[in-house]
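Novice: See query16.cif below, with mmCIF, C-alpha atoms.
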```
data_target
#
loop_
_atom_site.label_atom_id
_atom_site.label_comp_id
_atom_site.auth_asym_id
_atom_site.auth_seq_id
_atom_site.Cartn_x
_atom_site.Cartn_y
_atom_site.Cartn_z
CA MET A 1393 0.00 0.00 0.00
CA ALA A 1394 1.42 3.34 -1.02
CA THR A 1395 1.56 6.19 1.46
CA SER A 1396 -1.21 8.77 1.26
CA LYS A 1397 -1.46 12.45 1.95
CA VAL A 1398 -3.26 13.67 5.06
CA THR A 1399 -4.64 17.17 5.64
CA THR A 1400 -6.25 19.06 8.50
CA ALA A 1401 -9.63 18.10 7.06
CA THR A 1402 -8.88 14.36 6.93
CA PHE A 1403 -6.63 14.06 10.00
CA ASP A 1404 -9.41 13.04 12.35
CA ALA A 1405 -10.77 10.23 10.17
CA GLU A 1406 -7.46 9.05 8.70
CA VAL A 1407 -5.30 9.22 11.80
CA LEU A 1408 -7.14 9.71 15.08
CA LYS A 1409 -9.99 7.31 14.32
CA SER A 1410 -7.97 4.73 12.43
CA SER A 1411 -8.40 1.13 13.52
CA THR A 1412 -4.76 0.32 12.70
CA PRO A 1413 -1.68 2.18 13.98
CA VAL A 1414 -0.77 5.17 11.79
CA LEU A 1415 2.63 6.71 11.20
CA VAL A 1416 2.38 10.40 10.33
CA ASP A 1417 5.42 11.69 8.44
CA PHE A 1418 5.68 15.44 9.10
CA TRP A 1419 7.67 16.77 6.16
CA ALA A 1420 8.18 19.67 3.77
CA GLU A 1421 9.43 20.12 0.23
CA TRP A 1422 12.46 22.21 1.23
CA CYS A 1423 13.78 19.72 3.79
CA GLY A 1424 16.60 17.56 2.38
CA PRO A 1425 16.46 14.81 5.02
CA CYS A 1426 12.66 14.59 4.49
CA ARG A 1427 13.19 13.91 0.80
CA ALA A 1428 15.84 11.33 1.67
CA VAL A 1429 13.59 9.39 4.04
CA GLY A 1430 10.50 9.66 1.81
CA PRO A 1431 11.31 6.68 -0.45
CA ILE A 1432 12.20 4.56 2.59
CA LEU A 1433 8.79 5.22 4.15
CA GLU A 1434 7.24 4.39 0.79
CA GLU A 1435 8.99 1.01 0.83
CA ILE A 1436 7.95 0.30 4.41
CA SER A 1437 4.39 1.23 3.54
CA ASN A 1438 4.42 -1.12 0.56
CA GLU A 1439 5.76 -3.95 2.67
CA TYR A 1440 3.87 -3.43 5.93
CA GLY A 1441 0.94 -1.22 4.96
CA SER A 1442 -1.65 -3.66 6.29
CA LYS A 1443 -0.19 -3.43 9.79
CA LEU A 1444 0.98 0.17 9.88
CA LYS A 1445 -0.69 2.83 7.79
CA ILE A 1446 1.77 5.54 6.69
CA VAL A 1447 0.50 9.01 5.84
CA LYS A 1448 2.35 12.19 4.95
CA LEU A 1449 1.54 15.60 6.37
CA ASN A 1450 3.05 18.62 4.62
CA THR A 1451 3.94 21.04 7.42
CA ASP A 1452 3.96 23.97 4.99
CA GLU A 1453 0.38 23.42 3.95
CA GLU A 1454 -0.98 22.06 7.23
CA SER A 1455 0.93 24.03 9.82
CA ALA A 1456 -1.94 24.00 12.35
CA ILE A 1457 -1.54 20.25 12.91
CA ALA A 1458 2.24 20.52 13.09
CA ILE A 1459 1.92 23.24 15.74
CA LYS A 1460 -0.69 21.24 17.65
CA TYR A 1461 1.72 18.32 17.97
CA GLY A 1462 4.65 20.60 18.80
CA ILE A 1463 6.70 19.71 15.72
CA THR A 1464 9.93 21.73 15.63
CA SER A 1465 12.11 19.42 13.54
CA ILE A 1466 11.41 17.58 10.35
CA PRO A 1467 11.25 14.87 9.37
CA SER A 1468 9.33 13.84 12.48
CA MET A 1469 7.54 10.52 12.33
CA TYR A 1470 4.86 10.04 14.97
CA VAL A 1471 2.96 6.80 15.44
CA PHE A 1472 -0.65 7.17 16.57
CA VAL A 1473 -2.62 4.35 18.19
CA ASN A 1474 -6.24 5.03 19.12
CA GLY A 1475 -5.70 8.73 18.59
CA GLU A 1476 -2.69 8.97 20.92
CA VAL A 1477 0.96 9.52 20.01
CA VAL A 1478 2.79 6.41 21.21
CA THR A 1479 6.14 6.72 19.41
CA GLN A 1480 8.11 9.72 18.19
CA ILE A 1481 10.97 9.36 15.72
CA VAL A 1482 12.87 12.52 14.87
CA GLY A 1483 15.24 12.83 11.95
CA ALA A 1484 15.92 10.75 8.84
CA LYS A 1485 17.23 7.26 9.52
CA PRO A 1486 18.29 4.35 7.30
CA LYS A 1487 15.66 1.68 6.69
CA PRO A 1488 17.05 -0.95 9.10
CA ALA A 1489 17.06 1.63 11.93
CA LEU A 1490 13.48 2.70 11.15
CA LEU A 1491 12.29 -0.90 11.00
CA LYS A 1492 13.83 -1.46 14.42
CA ASP A 1493 12.13 1.62 15.87
CA LEU A 1494 8.83 0.43 14.42
CA GLU A 1495 9.17 -3.30 15.04
CA SER A 1496 6.42 -3.51 17.66
CA PHE A 1497 3.92 -2.22 15.05
CA LEU A 1498 5.11 -4.42 12.19
CA ALA A 1499 5.11 -7.83 13.89
CA MET B 33 27.53 -10.05 -6.33
CA SER B 34 30.58 -12.24 -6.69
CA ASP B 35 32.72 -10.26 -9.12
CA VAL B 36 35.48 -8.11 -7.71
CA ARG B 37 35.16 -4.39 -8.50
CA ASN B 38 38.12 -2.13 -9.10
CA VAL B 39 36.96 0.51 -6.68
CA VAL B 40 34.15 1.05 -4.22
CA ILE B 41 33.52 4.59 -2.99
CA VAL B 42 31.83 4.87 0.39
CA GLY B 43 30.01 8.15 0.97
CA SER B 44 28.84 10.88 -1.33
CA GLY B 45 29.28 14.62 -0.81
CA PRO B 46 31.80 16.59 -2.87
CA ALA B 47 34.65 14.17 -2.06
CA GLY B 48 32.80 10.96 -2.94
CA TYR B 49 31.19 12.30 -6.10
CA THR B 50 34.42 13.85 -7.36
CA ALA B 51 36.22 10.56 -6.74
CA ALA B 52 33.42 8.85 -8.69
CA ILE B 53 33.74 11.28 -11.62
CA TYR B 54 37.49 10.73 -11.86
CA ALA B 55 37.33 6.98 -11.35
CA ALA B 56 34.56 6.64 -13.93
CA ARG B 57 36.50 8.69 -16.48
CA ALA B 58 39.52 6.45 -15.80
CA GLN B 59 37.22 3.55 -16.75
CA LEU B 60 37.53 1.90 -13.38
CA ASP B 61 33.79 1.21 -13.34
CA PRO B 62 33.34 2.58 -9.81
CA ILE B 63 30.40 1.85 -7.56
CA ILE B 64 29.49 4.55 -5.07
CA TYR B 65 27.41 3.98 -1.95
CA GLU B 66 25.82 7.36 -1.45
CA GLY B 67 24.14 6.64 1.88
CA SER B 68 20.42 5.93 2.33
CA VAL B 69 19.60 9.18 4.11
CA THR B 70 22.88 11.06 3.84
CA ALA B 71 23.27 11.07 0.05
CA GLY B 72 24.83 14.32 -1.10
CA GLY B 73 26.45 14.89 2.27
CA ALA B 74 26.54 17.98 4.46
CA LEU B 75 25.81 20.41 1.62
CA MET B 76 22.31 18.97 1.31
CA ASN B 77 21.36 20.90 4.44
CA THR B 78 22.78 24.22 3.35
CA THR B 79 21.32 26.97 1.25
CA GLU B 80 23.44 29.23 -0.90
CA VAL B 81 27.09 28.30 -1.47
CA GLU B 82 28.85 31.51 -2.49
CA ASN B 83 32.46 30.38 -2.62
CA PHE B 84 32.49 27.35 -4.90
CA PRO B 85 34.60 28.48 -7.86
CA GLY B 86 32.86 28.67 -11.20
CA PHE B 87 29.50 29.80 -9.87
CA THR B 88 29.56 33.56 -10.29
CA ASP B 89 26.23 34.11 -8.56
CA GLY B 90 26.49 31.27 -6.06
CA VAL B 91 24.72 27.94 -6.16
CA MET B 92 22.30 26.15 -3.83
CA GLY B 93 24.11 23.36 -1.93
CA PRO B 94 21.62 20.63 -2.94
CA ASP B 95 21.76 21.76 -6.60
CA LEU B 96 25.55 21.62 -6.58
CA MET B 97 25.44 18.07 -5.23
CA ASP B 98 22.81 17.05 -7.75
CA SER B 99 25.05 18.32 -10.56
CA MET B 100 28.07 16.40 -9.25
CA ARG B 101 25.94 13.28 -8.92
CA LYS B 102 24.69 13.56 -12.49
CA GLN B 103 28.21 14.18 -13.71
CA ALA B 104 29.41 10.98 -12.03
CA LYS B 105 26.47 9.09 -13.53
CA ARG B 106 27.16 10.49 -17.00
CA PHE B 107 30.55 8.80 -17.01
CA GLY B 108 29.12 5.51 -15.88
CA ALA B 109 29.60 5.44 -12.11
CA GLU B 110 27.13 3.06 -10.49
CA LEU B 111 25.22 4.97 -7.83
CA ILE B 112 23.67 3.06 -4.94
CA THR B 113 21.45 4.89 -2.45
CA ASP B 114 22.31 2.65 0.46
CA ASP B 115 24.67 2.59 3.42
CA ILE B 116 27.74 0.45 3.91
CA VAL B 117 27.29 -1.10 7.34
CA GLU B 118 30.34 -3.37 7.56
CA MET B 119 33.80 -3.31 6.01
CA ASP B 120 36.75 -5.66 6.03
CA LEU B 121 39.57 -3.62 4.54
CA THR B 122 42.50 -5.71 5.73
CA GLY B 123 42.93 -8.19 2.86
CA ASP B 124 43.93 -7.74 -0.78
CA ILE B 125 40.25 -8.08 -1.63
CA LYS B 126 38.13 -5.72 0.44
CA VAL B 127 34.71 -6.95 1.50
CA LEU B 128 31.86 -4.53 2.22
CA LYS B 129 28.28 -5.18 3.25
CA ASP B 130 25.42 -2.79 2.55
CA GLY B 131 22.27 -2.00 4.50
CA SER B 132 20.20 -4.42 2.39
CA GLY B 133 22.51 -7.31 3.20
CA ASN B 134 24.38 -7.42 -0.13
CA THR B 135 28.12 -7.95 -0.20
CA VAL B 136 30.47 -6.17 -2.59
CA LYS B 137 34.13 -7.02 -3.11
CA ALA B 138 36.76 -4.67 -4.44
CA LYS B 139 40.47 -4.28 -5.03
CA SER B 140 40.41 -0.75 -3.69
CA VAL B 141 38.16 1.37 -1.50
CA ILE B 142 37.82 5.14 -1.28
CA LEU B 143 36.47 6.29 2.06
CA ALA B 144 34.49 9.53 1.86
CA THR B 145 32.06 9.16 4.74
CA GLY B 146 32.38 12.76 5.88
CA SER B 147 31.38 13.94 9.29
CA ALA B 148 28.39 14.07 11.59
CA TYR B 149 27.10 16.92 13.73
CA ARG B 150 28.87 17.32 17.02
CA GLU B 151 26.57 17.39 20.03
CA ILE B 152 27.16 19.52 23.11
CA GLY B 153 26.79 16.33 25.12
CA LEU B 154 23.99 17.31 27.50
CA VAL B 155 21.33 14.81 28.57
CA ASN B 156 18.55 17.31 27.98
CA GLU B 157 19.94 18.25 24.58
CA LYS B 158 19.21 14.71 23.46
CA ARG B 159 15.88 14.50 25.27
CA LEU B 160 14.59 17.72 23.67
CA SER B 161 15.99 16.98 20.23
CA GLY B 162 13.08 17.55 17.87
CA HIS B 163 11.32 19.55 20.56
CA GLY B 164 13.24 22.76 20.14
CA VAL B 165 16.77 21.41 19.83
CA SER B 166 17.86 21.18 16.20
CA TRP B 167 20.92 20.56 14.05
CA CYS B 168 19.43 21.70 10.78
CA ALA B 169 18.46 25.35 10.37
CA THR B 170 17.29 24.87 6.79
CA CYS B 171 14.97 22.04 7.87
CA ASP B 172 13.59 23.50 11.06
CA GLY B 173 13.94 27.30 10.94
CA PHE B 174 10.39 27.59 9.64
CA PHE B 175 8.97 26.34 12.95
CA PHE B 176 10.47 29.23 14.90
CA ARG B 177 8.69 32.06 13.17
CA GLY B 178 8.50 35.12 15.43
CA GLN B 179 10.40 33.46 18.27
CA THR B 180 13.64 34.04 20.14
CA ILE B 181 16.15 31.30 19.51
CA ALA B 182 19.77 30.51 20.25
CA VAL B 183 22.52 29.25 17.98
CA VAL B 184 25.57 27.83 19.69
CA GLY B 185 28.93 27.90 17.91
CA GLY B 186 31.35 30.36 16.36
CA GLY B 187 32.39 28.92 13.01
CA ASP B 188 31.04 29.37 9.51
CA SER B 189 28.16 26.97 9.99
CA ALA B 190 26.98 28.69 13.20
CA VAL B 191 27.12 32.11 11.60
CA GLU B 192 25.43 30.91 8.43
CA GLU B 193 22.66 29.27 10.45
CA ALA B 194 22.17 32.34 12.63
CA THR B 195 21.89 34.55 9.55
CA PHE B 196 19.52 32.12 7.83
CA LEU B 197 17.33 31.84 10.94
CA THR B 198 16.71 35.60 11.04
CA ARG B 199 14.36 35.01 8.10
CA PHE B 200 11.99 33.39 10.55
CA ALA B 201 12.90 34.29 14.12
CA ASP B 202 12.39 37.66 15.77
CA LYS B 203 15.73 37.38 17.45
CA VAL B 204 18.69 35.03 17.13
CA VAL B 205 21.28 34.96 19.89
CA LEU B 206 24.62 33.52 18.85
CA ILE B 207 26.27 31.92 21.85
CA HIS B 208 30.00 31.38 21.61
CA ARG B 209 32.45 30.29 24.27
CA ARG B 210 35.19 32.59 23.03
CA ASP B 211 35.26 36.35 22.47
CA SER B 212 35.59 36.31 18.71
CA LEU B 213 34.26 34.28 15.80
CA ARG B 214 36.15 31.59 13.93
CA ALA B 215 33.92 32.16 10.90
CA SER B 216 35.16 33.78 7.70
CA LYS B 217 35.27 37.58 7.80
CA ILE B 218 32.59 38.21 5.21
CA MET B 219 30.09 36.00 7.02
CA ALA B 220 30.98 37.41 10.44
CA GLU B 221 30.58 41.00 9.21
CA ARG B 222 27.24 40.17 7.67
CA ALA B 223 26.02 38.65 10.93
CA LYS B 224 27.29 41.59 12.99
CA ALA B 225 25.44 43.99 10.73
CA ASN B 226 22.20 42.03 11.11
CA PRO B 227 19.96 43.81 13.65
CA LYS B 228 18.19 40.56 14.57
CA ILE B 229 21.40 38.86 15.71
CA GLU B 230 22.75 39.38 19.21
CA PHE B 231 26.13 37.99 20.27
CA LEU B 232 26.69 36.38 23.63
CA TRP B 233 30.45 36.03 23.96
CA ASN B 234 32.43 33.90 26.40
CA THR B 235 29.36 31.85 27.14
CA GLU B 236 28.63 28.15 27.06
CA VAL B 237 25.37 26.25 27.28
CA ILE B 238 25.39 23.95 30.31
CA ASP B 239 21.78 22.78 30.28
CA VAL B 240 18.62 22.87 28.21
CA LEU B 241 15.52 23.47 30.30
CA GLY B 242 11.93 22.53 29.56
CA ALA B 243 9.49 19.75 30.41
CA ASP B 244 8.53 18.68 26.90
CA LYS B 245 9.91 21.49 24.80
CA VAL B 246 12.78 23.93 25.03
CA GLU B 247 11.88 26.83 27.33
CA ALA B 248 15.24 28.18 28.47
CA LEU B 249 18.97 27.61 28.47
CA LYS B 250 21.26 27.51 31.44
CA LEU B 251 24.41 29.42 30.56
CA ARG B 252 27.85 29.80 32.08
CA ASN B 253 30.29 32.61 31.51
CA THR B 254 33.60 31.04 30.49
CA VAL B 255 35.63 33.89 32.00
CA ASP B 256 34.20 34.36 35.49
CA GLY B 257 32.12 31.17 35.80
CA THR B 258 28.87 32.93 36.64
CA GLU B 259 25.73 31.02 35.71
CA SER B 260 22.47 32.40 34.39
CA GLU B 261 19.24 31.38 32.70
CA ARG B 262 17.65 32.88 29.66
CA ALA B 263 14.40 32.07 27.87
CA PHE B 264 14.60 30.58 24.39
CA THR B 265 12.17 28.41 22.44
CA GLY B 266 14.79 26.91 20.19
CA LEU B 267 18.42 25.86 20.26
CA PHE B 268 20.40 25.23 17.08
CA VAL B 269 23.65 23.41 17.70
CA ALA B 270 26.46 24.23 15.25
CA ILE B 271 29.63 23.48 17.15
CA GLY B 272 31.37 21.55 14.43
CA HIS B 273 31.57 17.99 13.28
CA ILE B 274 33.03 14.63 14.17
CA PRO B 275 34.45 12.34 11.48
CA ARG B 276 32.29 9.34 10.61
CA SER B 277 34.99 6.74 11.14
CA GLU B 278 33.23 4.33 13.50
CA LEU B 279 33.07 1.52 10.91
CA ILE B 280 36.82 1.47 10.31
CA VAL B 281 38.14 1.69 13.86
CA GLY B 282 40.82 -0.94 14.34
CA GLN B 283 41.47 -1.35 10.60
CA ILE B 284 42.50 2.12 9.52
CA ASP B 285 44.85 4.35 11.48
CA LEU B 286 42.96 7.25 13.04
CA ASP B 287 44.24 10.20 15.00
CA ASN B 288 43.07 11.13 18.51
CA GLU B 289 39.96 12.83 17.20
CA GLY B 290 38.97 9.97 14.91
CA TYR B 291 40.16 11.44 11.60
CA VAL B 292 41.84 9.07 9.14
CA VAL B 293 45.60 9.47 8.97
CA CYS B 294 46.98 9.56 5.42
CA GLU B 295 50.53 9.14 4.22
CA GLY B 296 52.14 12.50 3.52
CA ARG B 297 50.24 14.54 0.98
CA SER B 298 48.59 11.47 -0.51
CA THR B 299 45.20 9.94 0.31
CA ARG B 300 46.77 6.54 1.09
CA THR B 301 45.82 5.03 4.44
CA ASN B 302 47.81 2.41 6.34
CA GLN B 303 45.86 -0.36 4.50
CA LYS B 304 47.06 -1.06 0.98
CA GLY B 305 44.37 -0.15 -1.52
CA VAL B 306 42.34 1.96 0.90
CA PHE B 307 42.20 5.71 0.34
CA ALA B 308 40.44 8.44 2.28
CA CYS B 309 39.26 11.92 1.39
CA GLY B 310 36.96 14.79 2.34
CA ASP B 311 35.90 15.71 5.88
CA LEU B 312 36.91 12.25 7.07
CA VAL B 313 40.57 13.29 6.87
CA ASP B 314 40.37 17.07 7.09
CA HIS B 315 40.68 18.83 10.45
CA THR B 316 41.59 22.07 8.95
CA TYR B 317 39.86 23.29 5.84
CA ARG B 318 36.53 21.45 5.61
CA GLN B 319 35.32 23.22 2.49
CA ALA B 320 33.35 21.79 -0.42
CA ILE B 321 36.19 22.67 -2.77
CA THR B 322 38.93 21.08 -0.63
CA ALA B 323 36.79 17.96 -0.21
CA ALA B 324 36.29 17.78 -3.98
CA GLY B 325 40.04 18.25 -4.47
CA SER B 326 40.89 15.43 -2.11
CA GLY B 327 38.25 13.20 -3.73
CA CYS B 328 40.03 13.77 -7.04
CA ALA B 329 43.37 12.91 -5.42
CA ALA B 330 41.92 9.71 -3.94
CA ALA B 331 40.66 8.56 -7.34
CA LEU B 332 44.06 9.27 -8.91
CA ASP B 333 45.83 7.45 -6.06
CA ALA B 334 43.47 4.48 -6.49
CA GLU B 335 44.02 4.47 -10.25
CA LYS B 336 47.77 4.39 -9.75
CA PHE B 337 47.48 1.62 -7.17
CA LEU B 338 45.31 -0.51 -9.49
CA ALA B 339 47.75 -0.07 -12.38
CA HIS B 340 50.50 -1.80 -10.40
#
```
Starting from the file, lay out its structure as structure tokens.
Specialist:
Amino acid sequence: MATSKVTTATFDAEVLKSSTPVLVDFWAEWCGPCRAVGPILEEISNEYGSKLKIVKLNTDEESAIAIKYGITSIPSMYVFVNGEVVTQIVGAKPKPALLKDLESFLA
Amino acid sequence: MSDVRNVVIVGSGPAGYTAAIYAARAQLDPIIYEGSVTAGGALMNTTEVENFPGFTDGVMGPDLMDSMRKQAKRFGAELITDDIVEMDLTGDIKVLKDGSGNTVKAKSVILATGSAYREIGLVNEKRLSGHGVSWCATCDGFFFRGQTIAVVGGGDSAVEEATFLTRFADKVVLIHRRDSLRASKIMAERAKANPKIEFLWNTEVIDVLGADKVEALKLRNTVDGTESERAFTGLFVAIGHIPRSELIVGQIDLDNEGYVVCEGRSTRTNQKGVFACGDLVDHTYRQAITAAGSGCAAALDAEKFLAH
């Protein structure tokens, strides 16, 4: 399953009310490390999308949500379960490191 | 992959890409591991590069790296966007393993892994990383619109970041433990003329305060030792870099700070067939152009080695 885009309008339904865990990738066009980690998240989503939904939130376009969750660095990857943030990953990481951080959601 | 390559280049950035351009033009069929999230190197997190020769009006760091990458590709270098996670450089045939579990063998290796951000080393710096503590002004400056933030450091990168951050912040306080900047004159003058930048000399950050986001910094005067607190919502750390040499410890001679030691003016390391270039060897200059120059030297040294 490919990643999908999430906006302020869809955040509630797509993230907070999701029945599966959701990773929200807070990113922006002008952020080099965000562009580097983007394809890795795409791969993880393709491989594990049924267990962990991965959505992308553009902090330029949807700054209200970024502010609400106190984002001050991107990429920030927050995992939501039942509407609550349960894991925060800050900064681009290689795929093996990300898989390790996310292993409890991918099993 | 069972065939033995002539040369594997580990790391991208100006050093790695330049080595790839030269090695490809020498028909050594190089393979370059660019890094899965670090491809392009330190310049990917910069904005305008004004001092790279040949660019009259300056060039954006990421654009410069993209051009070098394409130039390497044009001559046939094989570009792999993955990390090398293990290296055995001790034998005649070097064996390297990438992040996807593939093994590559080569007669020579060019190390161009660059450097990583140096941390102040405070527990709360780590804890609040991503919650006000940042190492990347170009990534995170946007989130500090209208706020008062601190940049710690006194070199070119600190001054560049402070200047860049004034686009967003109301006030940027540059905290430096000495009483003058190490940065180049033109950048220092520009920062001093910027009304949004305040300088806090002879001062070091000894703690980052805040429950779940940065609220203040605890500071110490390096001359008289007095301590104080001052409110900030962000802290950008730009106190230099440490060489990324952790994978080669014990195989390649390193100096006390972890930089690779090369023989004389060459790029030859203590292991036959292993060459090093860029920030990984350079204490002193650390410029895109010097890194590119040493990447060129490494490719020429490797070419000469392979010919014998």
Novice: Set the distance at 7 Å and use all atoms listed in the file: which residues neighbour Leu1444 of chain A once local chain neighbours fewer than 3 positions away are removed? I'd like the list as a PDB file with C-alpha atoms, in the frame of the given file.
Specialist:
```
ATOM      1  CA  THR A1412      -4.760   0.320  12.700  1.00  0.00           C
ATOM      2  CA  PRO A1413      -1.680   2.180  13.980  1.00  0.00           C
ATOM      3  CA  VAL A1414      -0.770   5.170  11.790  1.00  0.00           C
ATOM      4  CA  LEU A1415       2.630   6.710  11.200  1.00  0.00           C
ATOM      5  CA  TYR A1440       3.870  -3.430   5.930  1.00  0.00           C
ATOM      6  CA  GLY A1441       0.940  -1.220   4.960  1.00  0.00           C
ATOM      7  CA  PHE A1497       3.920  -2.220  15.050  1.00  0.00           C
ATOM      8  CA  LEU A1498       5.110  -4.420  12.190  1.00  0.00           C
TER       9      LEU A1498
END
```
Novice: Please list as a list in words every residue within 12 Å of Ala1458 of chain A, counting only C-alpha atoms and excluding residues in the same chain fewer than 4 positions away.
Specialist: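 Residues meeting the cut-off are Val1398, Thr1399, Thr1400, Phe1403, Val1416, Asp1417, Phe1418, Trp1419, Ala1420, Lys1448, Leu1449, Asn1450, Thr1451, Asp1452, Glu1453, Glu1454, Gly1462, Ile1463, Thr1464, Ser1465, Ile1466, Pro1467, Ser1468, Met1469 and Tyr1470 of chain A; His163, Asp172, Phe174 and Phe175 of chain B.
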Novice: To verify the selection step, state as number ranges by chain which residues the PyMOL selection byres ((chain A and resi 1395) around 10) yields on this input.
Specialist: A: 1393-1394, 1396-1398, 1415-1417, 1430-1431, 1433-1438, 1441, 1445-1448
Novice: Would you mind telling me which residue in B:Leu286, B:Ile142, B:Val127, B:Met219 lies nearest to Gly43 of chain B when using only C-alpha atoms?
Specialist: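 That would be B:Ile142, the residue with the smallest distance to Gly43 of chain B.
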Novice: Find the residue from A:Val1473, A:Gly1424, A:Glu1439, A:Ala1489 that sits nearest to chain B; use only C-alpha atoms when measuring.
Specialist: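 Using only C-alpha atoms, chain B sits closest to A:Gly1424.
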Novice: Per residue of chain B within 7 Å of chain A, what are the shortest atom pair and its distance in Å to one decimal, counting all atoms listed in the file, with rows by chain and residue number, as a tab-separated table?
Specialist:
```
residue	atom	partner	partner_atom	distance
B:Ser68	CA	A:Pro1486	CA	5.6
B:Val69	CA	A:Ala1428	CA	5.0
B:Met76	CA	A:Gly1424	CA	6.0
B:Asn77	CA	A:Gly1424	CA	6.2
B:Gly162	CA	A:Ser1465	CA	4.8
B:His163	CA	A:Thr1464	CA	5.6
B:Gly164	CA	A:Thr1464	CA	5.7
B:Ser166	CA	A:Ser1465	CA	6.6
B:Thr170	CA	A:Cys1423	CA	6.9
B:Cys171	CA	A:Cys1423	CA	4.8
B:Asp172	CA	A:Ser1465	CA	5.0
B:Phe175	CA	A:Thr1464	CA	5.4
```
Novice: With the file shown as input, list the residues that the PyMOL selection byres ((chain B and resi 186) around 6) selects, as a list in words.
Specialist: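 Against this file, the PyMOL selection byres ((chain B and resi 186) around 6) returns the residues Gly185, Gly187, Ala190, His208, Leu213 and Arg214 of chain B.
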Novice: Expressed in Å to a single decimal, how great is the separation between atom CA of Ile112 of chain B and atom CA of Gly272 of chain B?
Specialist: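 A separation of 27.9 Å between them.
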Novice: Can you measure atom CA of Ile1457 of chain A to atom CA of Val1478 of chain A for me? One decimal in Å is fine.
Specialist: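 Computing it gives 16.7 Å between the two atoms.
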Novice: For atom CA of Thr322 of chain B and atom CA of Val42 of chain B, determine how far apart the two atoms are, in Å to one decimal place.
Specialist: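 About the pair atom CA of Thr322 of chain B and atom CA of Val42 of chain B: they are 17.7 Å apart.
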Novice: May I have the residues at most 6 Å from (38.9, 7.2, 1.9) in the file's coordinates, counting all atoms listed in the file, as a count of residues only?
Specialist: 6
